[in-house]
file query.cif (mmCIF, C-alpha atoms and all ligand atoms; chains and numbers go by the auth columns)
data_run
#
loop_
_atom_site.group_PDB
_atom_site.id
_atom_site.type_symbol
_atom_site.label_atom_id
_atom_site.label_comp_id
_atom_site.label_asym_id
_atom_site.label_seq_id
_atom_site.Cartn_x
_atom_site.Cartn_y
_atom_site.Cartn_z
_atom_site.B_iso_or_equiv
_atom_site.auth_seq_id
_atom_site.auth_asym_id
ATOM 1 C CA MET A 1 -118.476 14.672 -146.259 0.00 1 Z
ATOM 2 C CA LYS A 2 -118.750 10.913 -145.953 0.00 2 Z
ATOM 3 C CA TYR A 3 -115.588 8.900 -146.476 0.00 3 Z
ATOM 4 C CA ILE A 4 -115.618 5.188 -147.258 0.00 4 Z
ATOM 5 C CA SER A 5 -112.907 2.578 -147.543 0.00 5 Z
ATOM 6 C CA VAL A 6 -113.059 -0.120 -150.250 0.00 6 Z
ATOM 7 C CA LYS A 7 -110.793 -2.712 -151.806 0.00 7 Z
ATOM 8 C CA GLY A 8 -110.883 -2.570 -155.578 0.00 8 Z
ATOM 9 C CA ILE A 9 -109.136 -3.325 -158.853 0.00 9 Z
ATOM 10 C CA VAL A 10 -108.816 -0.767 -161.640 0.00 10 Z
ATOM 11 C CA LEU A 11 -110.525 -2.075 -164.799 0.00 11 Z
ATOM 12 C CA ARG A 12 -110.045 0.973 -167.038 0.00 12 Z
ATOM 13 C CA GLU A 13 -108.401 4.391 -166.967 0.00 13 Z
ATOM 14 C CA TYR A 14 -109.231 7.547 -168.892 0.00 14 Z
ATOM 15 C CA ASN A 15 -107.043 10.638 -169.032 0.00 15 Z
ATOM 16 C CA VAL A 16 -108.747 13.870 -168.078 0.00 16 Z
ATOM 17 C CA GLY A 17 -106.861 17.019 -168.951 0.00 17 Z
ATOM 18 C CA GLU A 18 -103.144 17.119 -168.297 0.00 18 Z
ATOM 19 C CA SER A 19 -102.972 15.725 -164.819 0.00 19 Z
ATOM 20 C CA ASP A 20 -106.167 13.866 -163.792 0.00 20 Z
ATOM 21 C CA LYS A 21 -107.600 10.421 -164.435 0.00 21 Z
ATOM 22 C CA LEU A 22 -111.016 8.821 -164.305 0.00 22 Z
ATOM 23 C CA LEU A 23 -110.918 5.190 -163.226 0.00 23 Z
ATOM 24 C CA THR A 24 -113.434 2.371 -163.539 0.00 24 Z
ATOM 25 C CA VAL A 25 -112.906 0.371 -160.349 0.00 25 Z
ATOM 26 C CA PHE A 26 -114.467 -2.990 -159.440 0.00 26 Z
ATOM 27 C CA THR A 27 -114.786 -2.955 -155.649 0.00 27 Z
ATOM 28 C CA ASP A 28 -115.732 -5.371 -152.900 0.00 28 Z
ATOM 29 C CA THR A 29 -118.555 -3.386 -151.302 0.00 29 Z
ATOM 30 C CA CYS A 30 -119.711 -0.908 -153.985 0.00 30 Z
ATOM 31 C CA GLY A 31 -119.437 -3.036 -157.147 0.00 31 Z
ATOM 32 C CA LYS A 32 -118.292 -1.187 -160.277 0.00 32 Z
ATOM 33 C CA ILE A 33 -117.817 2.532 -159.707 0.00 33 Z
ATOM 34 C CA THR A 34 -116.248 5.546 -161.415 0.00 34 Z
ATOM 35 C CA VAL A 35 -113.515 7.226 -159.423 0.00 35 Z
ATOM 36 C CA SER A 36 -111.866 10.562 -160.100 0.00 36 Z
ATOM 37 C CA ALA A 37 -108.143 10.531 -159.280 0.00 37 Z
ATOM 38 C CA LYS A 38 -107.030 14.148 -159.255 0.00 38 Z
ATOM 39 C CA GLY A 39 -103.400 14.717 -160.126 0.00 39 Z
ATOM 40 C CA ALA A 40 -102.818 10.993 -160.777 0.00 40 Z
ATOM 41 C CA LYS A 41 -100.754 11.694 -163.910 0.00 41 Z
ATOM 42 C CA ARG A 42 -98.358 14.049 -162.142 0.00 42 Z
ATOM 43 C CA GLN A 43 -94.888 12.791 -161.294 0.00 43 Z
ATOM 44 C CA GLY A 44 -94.722 12.184 -157.575 0.00 44 Z
ATOM 45 C CA SER A 45 -98.505 11.851 -157.177 0.00 45 Z
ATOM 46 C CA ARG A 46 -99.442 9.527 -154.328 0.00 46 Z
ATOM 47 C CA PHE A 47 -102.024 7.997 -156.731 0.00 47 Z
ATOM 48 C CA LEU A 48 -99.485 7.295 -159.508 0.00 48 Z
ATOM 49 C CA SER A 49 -98.797 3.657 -158.591 0.00 49 Z
ATOM 50 C CA VAL A 50 -102.427 2.600 -158.046 0.00 50 Z
ATOM 51 C CA ALA A 51 -104.317 4.567 -160.704 0.00 51 Z
ATOM 52 C CA GLN A 52 -103.734 2.120 -163.548 0.00 52 Z
ATOM 53 C CA PRO A 53 -105.375 -1.077 -164.858 0.00 53 Z
ATOM 54 C CA PHE A 54 -104.755 -4.292 -162.856 0.00 54 Z
ATOM 55 C CA CYS A 55 -103.763 -2.434 -159.665 0.00 55 Z
ATOM 56 C CA TYR A 56 -105.650 -3.821 -156.670 0.00 56 Z
ATOM 57 C CA SER A 57 -105.672 -1.423 -153.732 0.00 57 Z
ATOM 58 C CA GLU A 58 -107.329 -0.302 -150.593 0.00 58 Z
ATOM 59 C CA MET A 59 -108.904 3.056 -151.452 0.00 59 Z
ATOM 60 C CA GLN A 60 -110.345 5.847 -149.358 0.00 60 Z
ATOM 61 C CA LEU A 61 -113.113 7.605 -151.268 0.00 61 Z
ATOM 62 C CA TYR A 62 -115.644 10.349 -150.809 0.00 62 Z
ATOM 63 C CA LYS A 63 -118.740 10.675 -152.890 0.00 63 Z
ATOM 64 C CA GLY A 64 -119.216 13.831 -154.920 0.00 64 Z
ATOM 65 C CA LYS A 65 -122.262 14.789 -156.958 0.00 65 Z
ATOM 66 C CA ASN A 66 -121.663 12.413 -159.875 0.00 66 Z
ATOM 67 C CA MET A 67 -118.843 10.116 -158.873 0.00 67 Z
ATOM 68 C CA TYR A 68 -116.449 9.014 -156.185 0.00 68 Z
ATOM 69 C CA ASN A 69 -113.209 10.884 -155.534 0.00 69 Z
ATOM 70 C CA LEU A 70 -109.981 9.218 -154.500 0.00 70 Z
ATOM 71 C CA SER A 71 -108.553 10.699 -151.328 0.00 71 Z
ATOM 72 C CA GLY A 72 -106.098 8.012 -150.231 0.00 72 Z
ATOM 73 C CA CYS A 73 -104.834 4.615 -151.350 0.00 73 Z
ATOM 74 C CA SER A 74 -102.538 1.775 -150.510 0.00 74 Z
ATOM 75 C CA LEU A 75 -101.453 -0.743 -153.151 0.00 75 Z
ATOM 76 C CA ILE A 76 -102.150 -4.409 -152.294 0.00 76 Z
ATOM 77 C CA GLU A 77 -101.105 -6.090 -155.589 0.00 77 Z
ATOM 78 C CA SER A 78 -100.013 -4.627 -158.926 0.00 78 Z
ATOM 79 C CA PHE A 79 -99.870 -7.954 -160.872 0.00 79 Z
ATOM 80 C CA TYR A 80 -96.674 -6.481 -162.287 0.00 80 Z
ATOM 81 C CA ASN A 81 -95.521 -9.552 -164.264 0.00 81 Z
ATOM 82 C CA LEU A 82 -98.555 -9.372 -166.561 0.00 82 Z
ATOM 83 C CA ARG A 83 -96.787 -6.517 -168.329 0.00 83 Z
ATOM 84 C CA ASN A 84 -93.754 -8.640 -169.273 0.00 84 Z
ATOM 85 C CA ASP A 85 -95.454 -10.793 -171.921 0.00 85 Z
ATOM 86 C CA ILE A 86 -97.832 -9.498 -174.580 0.00 86 Z
ATOM 87 C CA ASP A 87 -99.980 -12.704 -174.662 0.00 87 Z
ATOM 88 C CA VAL A 88 -100.358 -12.669 -170.883 0.00 88 Z
ATOM 89 C CA LEU A 89 -101.145 -8.941 -170.919 0.00 89 Z
ATOM 90 C CA LEU A 90 -103.794 -9.454 -173.620 0.00 90 Z
ATOM 91 C CA ALA A 91 -105.400 -12.313 -171.659 0.00 91 Z
ATOM 92 C CA GLY A 92 -105.520 -10.194 -168.493 0.00 92 Z
ATOM 93 C CA GLY A 93 -106.826 -7.229 -170.478 0.00 93 Z
ATOM 94 C CA ASN A 94 -109.639 -9.387 -171.872 0.00 94 Z
ATOM 95 C CA MET A 95 -110.624 -10.419 -168.343 0.00 95 Z
ATOM 96 C CA LEU A 96 -110.810 -6.764 -167.227 0.00 96 Z
ATOM 97 C CA LYS A 97 -112.766 -5.835 -170.363 0.00 97 Z
ATOM 98 C CA THR A 98 -115.264 -8.646 -169.792 0.00 98 Z
ATOM 99 C CA ILE A 99 -115.836 -7.716 -166.138 0.00 99 Z
ATOM 100 C CA SER A 100 -116.216 -4.070 -167.118 0.00 100 Z
ATOM 101 C CA ALA A 101 -118.823 -5.014 -169.746 0.00 101 Z
ATOM 102 C CA ILE A 102 -120.982 -7.379 -167.684 0.00 102 Z
ATOM 103 C CA SER A 103 -120.840 -5.860 -164.176 0.00 103 Z
ATOM 104 C CA GLN A 104 -123.406 -3.311 -163.087 0.00 104 Z
ATOM 105 C CA GLU A 105 -122.736 0.062 -161.504 0.00 105 Z
ATOM 106 C CA GLU A 106 -122.837 0.029 -157.698 0.00 106 Z
ATOM 107 C CA LEU A 107 -123.971 -3.597 -157.452 0.00 107 Z
ATOM 108 C CA PRO A 108 -121.574 -5.421 -155.090 0.00 108 Z
ATOM 109 C CA ASP A 109 -120.409 -8.802 -156.438 0.00 109 Z
ATOM 110 C CA GLU A 110 -117.541 -9.970 -154.240 0.00 110 Z
ATOM 111 C CA GLU A 111 -117.684 -13.515 -155.642 0.00 111 Z
ATOM 112 C CA THR A 112 -116.862 -12.254 -159.141 0.00 112 Z
ATOM 113 C CA LEU A 113 -114.161 -9.914 -157.783 0.00 113 Z
ATOM 114 C CA ASN A 114 -112.515 -12.876 -156.032 0.00 114 Z
ATOM 115 C CA LEU A 115 -112.694 -14.956 -159.226 0.00 115 Z
ATOM 116 C CA LEU A 116 -110.942 -12.165 -161.149 0.00 116 Z
ATOM 117 C CA LEU A 117 -108.241 -11.832 -158.468 0.00 117 Z
ATOM 118 C CA HIS A 118 -107.617 -15.606 -158.424 0.00 118 Z
ATOM 119 C CA ALA A 119 -107.375 -15.761 -162.230 0.00 119 Z
ATOM 120 C CA LEU A 120 -104.993 -12.779 -162.358 0.00 120 Z
ATOM 121 C CA TYR A 121 -102.895 -14.294 -159.565 0.00 121 Z
ATOM 122 C CA TYR A 122 -102.231 -17.447 -161.626 0.00 122 Z
ATOM 123 C CA LEU A 123 -101.781 -15.472 -164.856 0.00 123 Z
ATOM 124 C CA ASN A 124 -99.252 -13.210 -163.107 0.00 124 Z
ATOM 125 C CA LYS A 125 -97.426 -16.184 -161.617 0.00 125 Z
ATOM 126 C CA GLY A 126 -97.092 -17.723 -165.081 0.00 126 Z
ATOM 127 C CA ASN A 127 -97.594 -21.334 -164.009 0.00 127 Z
ATOM 128 C CA ARG A 128 -100.925 -21.971 -165.762 0.00 128 Z
ATOM 129 C CA GLU A 129 -101.617 -22.480 -169.453 0.00 129 Z
ATOM 130 C CA ILE A 130 -103.228 -19.251 -170.732 0.00 130 Z
ATOM 131 C CA ASP A 131 -106.030 -20.680 -172.934 0.00 131 Z
ATOM 132 C CA LEU A 132 -107.193 -23.115 -170.250 0.00 132 Z
ATOM 133 C CA LEU A 133 -107.020 -20.422 -167.566 0.00 133 Z
ATOM 134 C CA LEU A 134 -109.205 -18.131 -169.694 0.00 134 Z
ATOM 135 C CA SER A 135 -111.769 -20.895 -170.340 0.00 135 Z
ATOM 136 C CA VAL A 136 -111.964 -21.702 -166.631 0.00 136 Z
ATOM 137 C CA PHE A 137 -112.391 -18.006 -165.822 0.00 137 Z
ATOM 138 C CA TYR A 138 -115.195 -17.509 -168.358 0.00 138 Z
ATOM 139 C CA ILE A 139 -117.115 -20.680 -167.418 0.00 139 Z
ATOM 140 C CA LYS A 140 -116.963 -19.902 -163.690 0.00 140 Z
ATOM 141 C CA LEU A 141 -117.995 -16.323 -164.460 0.00 141 Z
ATOM 142 C CA MET A 142 -121.129 -17.650 -166.201 0.00 142 Z
ATOM 143 C CA CYS A 143 -121.916 -19.719 -163.099 0.00 143 Z
ATOM 144 C CA PHE A 144 -121.487 -16.706 -160.786 0.00 144 Z
ATOM 145 C CA GLN A 145 -123.695 -14.571 -163.033 0.00 145 Z
ATOM 146 C CA GLY A 146 -126.570 -17.054 -162.911 0.00 146 Z
ATOM 147 C CA TYR A 147 -125.872 -19.013 -166.111 0.00 147 Z
ATOM 148 C CA SER A 148 -124.625 -22.334 -164.715 0.00 148 Z
ATOM 149 C CA PRO A 149 -124.786 -24.891 -167.511 0.00 149 Z
ATOM 150 C CA ILE A 150 -127.097 -27.846 -166.832 0.00 150 Z
ATOM 151 C CA ILE A 151 -124.892 -30.908 -167.070 0.00 151 Z
ATOM 152 C CA ASP A 152 -126.553 -33.696 -165.071 0.00 152 Z
ATOM 153 C CA ARG A 153 -129.715 -34.291 -167.124 0.00 153 Z
ATOM 154 C CA CYS A 154 -131.163 -33.713 -170.575 0.00 154 Z
ATOM 155 C CA VAL A 155 -133.124 -30.472 -170.680 0.00 155 Z
ATOM 156 C CA GLY A 156 -135.469 -31.979 -173.285 0.00 156 Z
ATOM 157 C CA CYS A 157 -136.708 -35.180 -171.658 0.00 157 Z
ATOM 158 C CA GLY A 158 -135.301 -34.817 -168.130 0.00 158 Z
ATOM 159 C CA GLU A 159 -133.413 -38.121 -168.309 0.00 159 Z
ATOM 160 C CA PRO A 160 -130.201 -38.182 -166.252 0.00 160 Z
ATOM 161 C CA ILE A 161 -127.091 -38.261 -168.421 0.00 161 Z
ATOM 162 C CA VAL A 162 -124.988 -41.172 -167.268 0.00 162 Z
ATOM 163 C CA PHE A 163 -121.303 -40.848 -167.898 0.00 163 Z
ATOM 164 C CA SER A 164 -119.398 -44.019 -167.371 0.00 164 Z
ATOM 165 C CA SER A 165 -116.528 -45.839 -168.970 0.00 165 Z
ATOM 166 C CA GLN A 166 -119.008 -48.524 -170.066 0.00 166 Z
ATOM 167 C CA SER A 167 -121.097 -46.079 -172.076 0.00 167 Z
ATOM 168 C CA LYS A 168 -118.282 -45.881 -174.677 0.00 168 Z
ATOM 169 C CA LYS A 169 -119.591 -42.542 -175.842 0.00 169 Z
ATOM 170 C CA GLU A 170 -117.131 -40.458 -177.804 0.00 170 Z
ATOM 171 C CA SER A 171 -119.032 -37.275 -177.437 0.00 171 Z
ATOM 172 C CA TYR A 172 -121.897 -35.691 -175.565 0.00 172 Z
ATOM 173 C CA LEU A 173 -124.112 -32.979 -176.900 0.00 173 Z
ATOM 174 C CA PHE A 174 -124.497 -29.530 -175.391 0.00 174 Z
ATOM 175 C CA SER A 175 -127.204 -27.127 -176.568 0.00 175 Z
ATOM 176 C CA VAL A 176 -126.011 -23.512 -176.437 0.00 176 Z
ATOM 177 C CA GLN A 177 -129.561 -22.160 -176.681 0.00 177 Z
ATOM 178 C CA GLU A 178 -130.790 -24.308 -173.772 0.00 178 Z
ATOM 179 C CA LYS A 179 -127.458 -23.994 -171.879 0.00 179 Z
ATOM 180 C CA SER A 180 -127.777 -27.698 -171.166 0.00 180 Z
ATOM 181 C CA ILE A 181 -126.595 -31.159 -172.043 0.00 181 Z
ATOM 182 C CA VAL A 182 -129.093 -32.966 -174.281 0.00 182 Z
ATOM 183 C CA CYS A 183 -129.446 -36.695 -174.865 0.00 183 Z
ATOM 184 C CA GLU A 184 -128.817 -38.047 -178.346 0.00 184 Z
ATOM 185 C CA LYS A 185 -132.512 -38.445 -179.083 0.00 185 Z
ATOM 186 C CA CYS A 186 -133.446 -34.900 -178.065 0.00 186 Z
ATOM 187 C CA GLY A 187 -130.337 -33.525 -179.763 0.00 187 Z
ATOM 188 C CA LYS A 188 -131.530 -35.015 -183.051 0.00 188 Z
ATOM 189 C CA THR A 189 -135.213 -34.184 -182.837 0.00 189 Z
ATOM 190 C CA PHE A 190 -136.869 -31.157 -181.310 0.00 190 Z
ATOM 191 C CA LEU A 191 -133.637 -29.371 -180.453 0.00 191 Z
ATOM 192 C CA ALA A 192 -132.353 -29.793 -183.975 0.00 192 Z
ATOM 193 C CA ASN A 193 -132.437 -26.051 -184.557 0.00 193 Z
ATOM 194 C CA SER A 194 -130.348 -25.264 -181.489 0.00 194 Z
ATOM 195 C CA GLU A 195 -126.594 -24.833 -181.789 0.00 195 Z
ATOM 196 C CA ILE A 196 -125.030 -28.072 -180.534 0.00 196 Z
ATOM 197 C CA ILE A 197 -121.448 -28.383 -179.242 0.00 197 Z
ATOM 198 C CA PRO A 198 -119.959 -31.871 -178.962 0.00 198 Z
ATOM 199 C CA LEU A 199 -118.066 -32.494 -175.706 0.00 199 Z
ATOM 200 C CA ASN A 200 -115.844 -35.481 -175.047 0.00 200 Z
ATOM 201 C CA GLU A 201 -115.669 -37.071 -171.625 0.00 201 Z
ATOM 202 C CA GLY A 202 -112.622 -34.986 -170.615 0.00 202 Z
ATOM 203 C CA SER A 203 -114.390 -31.739 -171.524 0.00 203 Z
ATOM 204 C CA TYR A 204 -117.500 -32.832 -169.653 0.00 204 Z
ATOM 205 C CA ALA A 205 -115.409 -33.656 -166.553 0.00 205 Z
ATOM 206 C CA ALA A 206 -113.607 -30.305 -166.797 0.00 206 Z
ATOM 207 C CA ILE A 207 -116.878 -28.345 -167.012 0.00 207 Z
ATOM 208 C CA LYS A 208 -118.295 -30.301 -164.085 0.00 208 Z
ATOM 209 C CA HIS A 209 -115.177 -29.520 -162.028 0.00 209 Z
ATOM 210 C CA ILE A 210 -115.310 -25.806 -162.942 0.00 210 Z
ATOM 211 C CA CYS A 211 -118.992 -25.508 -162.034 0.00 211 Z
ATOM 212 C CA GLY A 212 -118.556 -27.235 -158.665 0.00 212 Z
ATOM 213 C CA ALA A 213 -115.079 -26.256 -157.444 0.00 213 Z
ATOM 214 C CA SER A 214 -114.312 -23.577 -154.862 0.00 214 Z
ATOM 215 C CA LEU A 215 -111.904 -20.840 -155.992 0.00 215 Z
ATOM 216 C CA ASP A 216 -108.900 -22.371 -154.212 0.00 216 Z
ATOM 217 C CA ARG A 217 -109.279 -25.610 -156.233 0.00 217 Z
ATOM 218 C CA LEU A 218 -110.695 -24.107 -159.423 0.00 218 Z
ATOM 219 C CA PHE A 219 -107.516 -23.736 -161.489 0.00 219 Z
ATOM 220 C CA ASN A 220 -105.756 -26.863 -160.218 0.00 220 Z
ATOM 221 C CA PHE A 221 -106.098 -29.277 -163.120 0.00 221 Z
ATOM 222 C CA GLY A 222 -104.669 -29.987 -166.545 0.00 222 Z
ATOM 223 C CA VAL A 223 -106.299 -31.247 -169.746 0.00 223 Z
ATOM 224 C CA SER A 224 -105.384 -32.515 -173.216 0.00 224 Z
ATOM 225 C CA ASP A 225 -105.106 -30.178 -176.223 0.00 225 Z
ATOM 226 C CA GLU A 226 -108.366 -31.580 -177.589 0.00 226 Z
ATOM 227 C CA VAL A 227 -110.194 -30.711 -174.352 0.00 227 Z
ATOM 228 C CA LYS A 228 -108.649 -27.217 -174.397 0.00 228 Z
ATOM 229 C CA LYS A 229 -110.068 -26.705 -177.890 0.00 229 Z
ATOM 230 C CA GLN A 230 -113.528 -27.911 -176.878 0.00 230 Z
ATOM 231 C CA LEU A 231 -113.561 -25.738 -173.755 0.00 231 Z
ATOM 232 C CA LYS A 232 -112.565 -22.687 -175.796 0.00 232 Z
ATOM 233 C CA CYS A 233 -115.379 -23.373 -178.270 0.00 233 Z
ATOM 234 C CA PHE A 234 -117.760 -23.905 -175.329 0.00 234 Z
ATOM 235 C CA ASP A 235 -116.852 -20.674 -173.520 0.00 235 Z
ATOM 236 C CA ASP A 236 -116.797 -18.568 -176.741 0.00 236 Z
ATOM 237 C CA ARG A 237 -120.305 -19.586 -177.719 0.00 237 Z
ATOM 238 C CA MET A 238 -121.732 -19.579 -174.222 0.00 238 Z
ATOM 239 C CA MET A 239 -120.338 -16.086 -173.431 0.00 239 Z
ATOM 240 C CA LYS A 240 -122.036 -14.843 -176.597 0.00 240 Z
ATOM 241 C CA ALA A 241 -125.297 -16.583 -175.676 0.00 241 Z
ATOM 242 C CA CYS A 242 -125.251 -15.369 -172.041 0.00 242 Z
ATOM 243 C CA PHE A 243 -123.859 -11.836 -172.383 0.00 243 Z
ATOM 244 C CA ASN A 244 -123.818 -11.148 -176.109 0.00 244 Z
ATOM 245 C CA ILE A 245 -120.040 -10.541 -176.012 0.00 245 Z
HETATM 246 ZN ZN ZN B . -133.467 -36.015 -173.861 0.00 301 Z
#
call {"tool": "encode", "arguments": {"input": "query.cif", "output": "structure tokens"}}
result
Amino acid sequence: MKYISVKGIVLREYNVGESDKLLTVFTDTCGKITVSAKGAKRQGSRFLSVAQPFCYSEMQLYKGKNMYNLSGCSLIESFYNLRNDIDVLLAGGNMLKTISAISQEELPDEETLNLLLHALYYLNKGNREIDLLLSVFYIKLMCFQGYSPIIDRCVGCGEPIVFSSQSKKESYLFSVQEKSIVCEKCGKTFLANSEIIPLNEGSYAAIKHICGASLDRLFNFGVSDEVKKQLKCFDDRMMKACFNI
């Protein structure tokens, strides 16, 4: 029997019978996998503290016919504080649900795993505004999944979009269908049927930062309430356009 060791976070849990659990785990080297945790519901089980959503652990597994089986584990981070506030818990739950929906079985995606862990770290710490944190998470997720928004030039005519204090523009236009900024002319003419989101300069700067920043700098900024609203509108519509969720 071949044993492997992975690091992974539990996305979902399902009860099986009186004492077992099936877990959906997002791992570093195997991607999303289903893991059977025998006896995990029993008091005193060595799997009790890791076999639940949000728990990030080192796991020893062996592969059975249809799924992996948990044979040993060591908790790395439980993100315990998420459970102390219903809004925080819901936000974290939505992140897990999204990753569970868009990730593919047995396709390693360590970049996305690290994004999730960073976002949960700040959510658990409680020192980031929840709505902004969620928007940053979703926009970076799009980038990592191959849907980086085009923000430097108009997708219609190819003209660079120049953002400067002299341009005195109050808003810029983003086409959801094209996943790109469009110039005013293209926004009004042949892309008239596409869904257009207006972005002010702060929202544009925030999206540019999110697309370009490494994970250690990603969440380190603040924005106005207006920008928060625009980013939420942007990530809602783009997530629907990219993943249909
Ligand atoms: Zn154009």
call {"tool": "closest_residue", "arguments": {"input": "query.cif", "among": "Z:Ser180, Z:Asn200, Z:Asn193, Z:Ser45", "to": "ligand ZN 301 (chain Z)", "atoms": "all atoms listed in the file"}}
result
Z:Ser180
call {"tool": "resolve_selection", "arguments": {"input": "query.cif", "expression": "the PyMOL selection byres (((not hetatm)) within 10 of (chain Z and resi 301))", "output": "PyMOL selection string"}}
result
chain Z and resi 153-161+181-191
call {"tool": "resolve_selection", "arguments": {"input": "query.cif", "expression": "the PyMOL selection byres (((chain Z and resi 78) around 7) and not hetatm)", "output": "PDB file with C-alpha atoms, in the coordinates of the input"}}
result
ATOM      1  CA  PHE Z  54    -104.755  -4.292-162.856  1.00  0.00           C
ATOM      2  CA  CYS Z  55    -103.763  -2.434-159.665  1.00  0.00           C
ATOM      3  CA  TYR Z  56    -105.650  -3.821-156.670  1.00  0.00           C
ATOM      4  CA  ILE Z  76    -102.150  -4.409-152.294  1.00  0.00           C
ATOM      5  CA  GLU Z  77    -101.105  -6.090-155.589  1.00  0.00           C
ATOM      6  CA  PHE Z  79     -99.870  -7.954-160.872  1.00  0.00           C
ATOM      7  CA  TYR Z  80     -96.674  -6.481-162.287  1.00  0.00           C
TER       8      TYR Z  80
END
call {"tool": "atom_distance", "arguments": {"input": "query.cif", "atom1": "CA of Thr34 in chain Z", "atom2": "CA of Ile4 in chain Z"}}
result
14.2 Å
call {"tool": "resolve_selection", "arguments": {"input": "query.cif", "expression": "the PyMOL selection byres (((chain Z and resi 81) around 12) and not hetatm)", "output": "ChimeraX atom specification"}}
result
/Z:54-55,77-80,82-89,92,120-127
call {"tool": "residues_near_point", "arguments": {"input": "query.cif", "point": "(-110.5, 3.6, -160.8)", "cutoff": "10 Å", "atoms": "all atoms listed in the file", "output": "MDAnalysis selection string"}}
result
chainID Z and resid 8:14 21:27 32:37 50:57 59 68:70
call {"tool": "residues_around", "arguments": {"input": "query.cif", "residues": "Phe234 in chain Z", "least_positions_apart": "4", "cutoff": "8 Å", "atoms": "all atoms listed in the file", "output": "list in words"}}
result
Ile197, Gln230 and Met238 of chain Z
call {"tool": "write_last_selection", "arguments": {"input": "query.cif", "atoms": "C-alpha atoms", "output": "compact mmCIF listing (two decimals), in the frame of the given file"}}
result
# COMPACT_ATOMS: atom_id res chain seq x y z
CA ILE Z 197 -121.45 -28.38 -179.24
CA GLN Z 230 -113.53 -27.91 -176.88
CA MET Z 238 -121.73 -19.58 -174.22
call {"tool": "closest_residue", "arguments": {"input": "query.cif", "among": "Z:Ile207, Z:Leu116, Z:Val223, Z:Cys233", "to": "Ile99 in chain Z", "atoms": "all atoms listed in the file"}}
result
Z:Leu116
call {"tool": "residues_around", "arguments": {"input": "query.cif", "residues": "Leu134 in chain Z", "least_positions_apart": "3", "cutoff": "8 Å", "atoms": "only C-alpha atoms", "output": "number ranges by chain"}}
result
Z: 91, 95, 130-131, 137-138
call {"tool": "closest_residue", "arguments": {"input": "query.cif", "among": "Z:Leu133, Z:Phe243, Z:Ser148, Z:Pro198", "to": "Phe219 in chain Z", "atoms": "only C-alpha atoms"}}
result
Z:Leu133
call {"tool": "residues_around", "arguments": {"input": "query.cif", "residues": "Thr29 in chain Z", "least_positions_apart": "3", "cutoff": "8 Å", "atoms": "only C-alpha atoms", "output": "JSON, numbers by chain"}}
result
{"Z": [6, 7, 108, 109, 110]}
call {"tool": "write_last_selection", "arguments": {"input": "query.cif", "atoms": "C-alpha atoms", "output": "mmCIF file, in the frame of the given file"}}
result
data_model
loop_
_atom_site.group_PDB
_atom_site.id
_atom_site.type_symbol
_atom_site.label_atom_id
_atom_site.label_comp_id
_atom_site.auth_asym_id
_atom_site.auth_seq_id
_atom_site.Cartn_x
_atom_site.Cartn_y
_atom_site.Cartn_z
ATOM 1 C CA VAL Z 6 -113.059 -0.120 -150.250
ATOM 2 C CA LYS Z 7 -110.793 -2.712 -151.806
ATOM 3 C CA PRO Z 108 -121.574 -5.421 -155.090
ATOM 4 C CA ASP Z 109 -120.409 -8.802 -156.438
ATOM 5 C CA GLU Z 110 -117.541 -9.970 -154.240
#
call {"tool": "atom_distance", "arguments": {"input": "query.cif", "atom1": "CA of Leu173 in chain Z", "atom2": "CA of Lys240 in chain Z"}}
result
18.3 Å
call {"tool": "atom_distance", "arguments": {"input": "query.cif", "atom1": "CA of Leu107 in chain Z", "atom2": "CA of Gln177 in chain Z"}}
result
27.3 Å
call {"tool": "residues_around", "arguments": {"input": "query.cif", "residues": "Pro149 in chain Z", "least_positions_apart": "5", "cutoff": "10 Å", "atoms": "only C-alpha atoms", "output": "ChimeraX atom specification"}}
result
/Z:139,142-143,174-176,178-181,207-208,211,238
call {"tool": "closest_residue", "arguments": {"input": "query.cif", "among": "Z:Ala119, Z:Ile102, Z:Ala40, Z:Leu113", "to": "Asp28 in chain Z", "atoms": "all atoms listed in the file"}}
result
Z:Leu113
call {"tool": "build_atoms", "arguments": {"input": "query.cif", "residues": "range 107-114 of chain Z", "atoms": "N, CA and C atoms", "output": "short mmCIF file (atom, residue, chain, number, x, y, z; two decimals), in the frame of the given file"}}
result
data_model
loop_
_atom_site.label_atom_id
_atom_site.label_comp_id
_atom_site.auth_asym_id
_atom_site.auth_seq_id
_atom_site.Cartn_x
_atom_site.Cartn_y
_atom_site.Cartn_z
N LEU Z 107 -123.36 -2.34 -157.89
CA LEU Z 107 -123.97 -3.60 -157.45
C LEU Z 107 -122.85 -4.51 -156.94
N PRO Z 108 -122.69 -4.63 -155.61
CA PRO Z 108 -121.57 -5.42 -155.09
C PRO Z 108 -121.63 -6.87 -155.57
N ASP Z 109 -120.48 -7.42 -155.95
CA ASP Z 109 -120.41 -8.80 -156.44
C ASP Z 109 -119.02 -9.33 -156.05
N GLU Z 110 -118.86 -9.60 -154.76
CA GLU Z 110 -117.54 -9.97 -154.24
C GLU Z 110 -117.06 -11.31 -154.79
N GLU Z 111 -118.01 -12.20 -155.08
CA GLU Z 111 -117.68 -13.52 -155.64
C GLU Z 111 -116.93 -13.35 -156.98
N THR Z 112 -117.48 -12.48 -157.83
CA THR Z 112 -116.86 -12.25 -159.14
C THR Z 112 -115.52 -11.53 -158.99
N LEU Z 113 -115.43 -10.60 -158.04
CA LEU Z 113 -114.16 -9.91 -157.78
C LEU Z 113 -113.10 -10.94 -157.36
N ASN Z 114 -113.48 -11.86 -156.48
CA ASN Z 114 -112.52 -12.88 -156.03
C ASN Z 114 -112.10 -13.81 -157.16
#
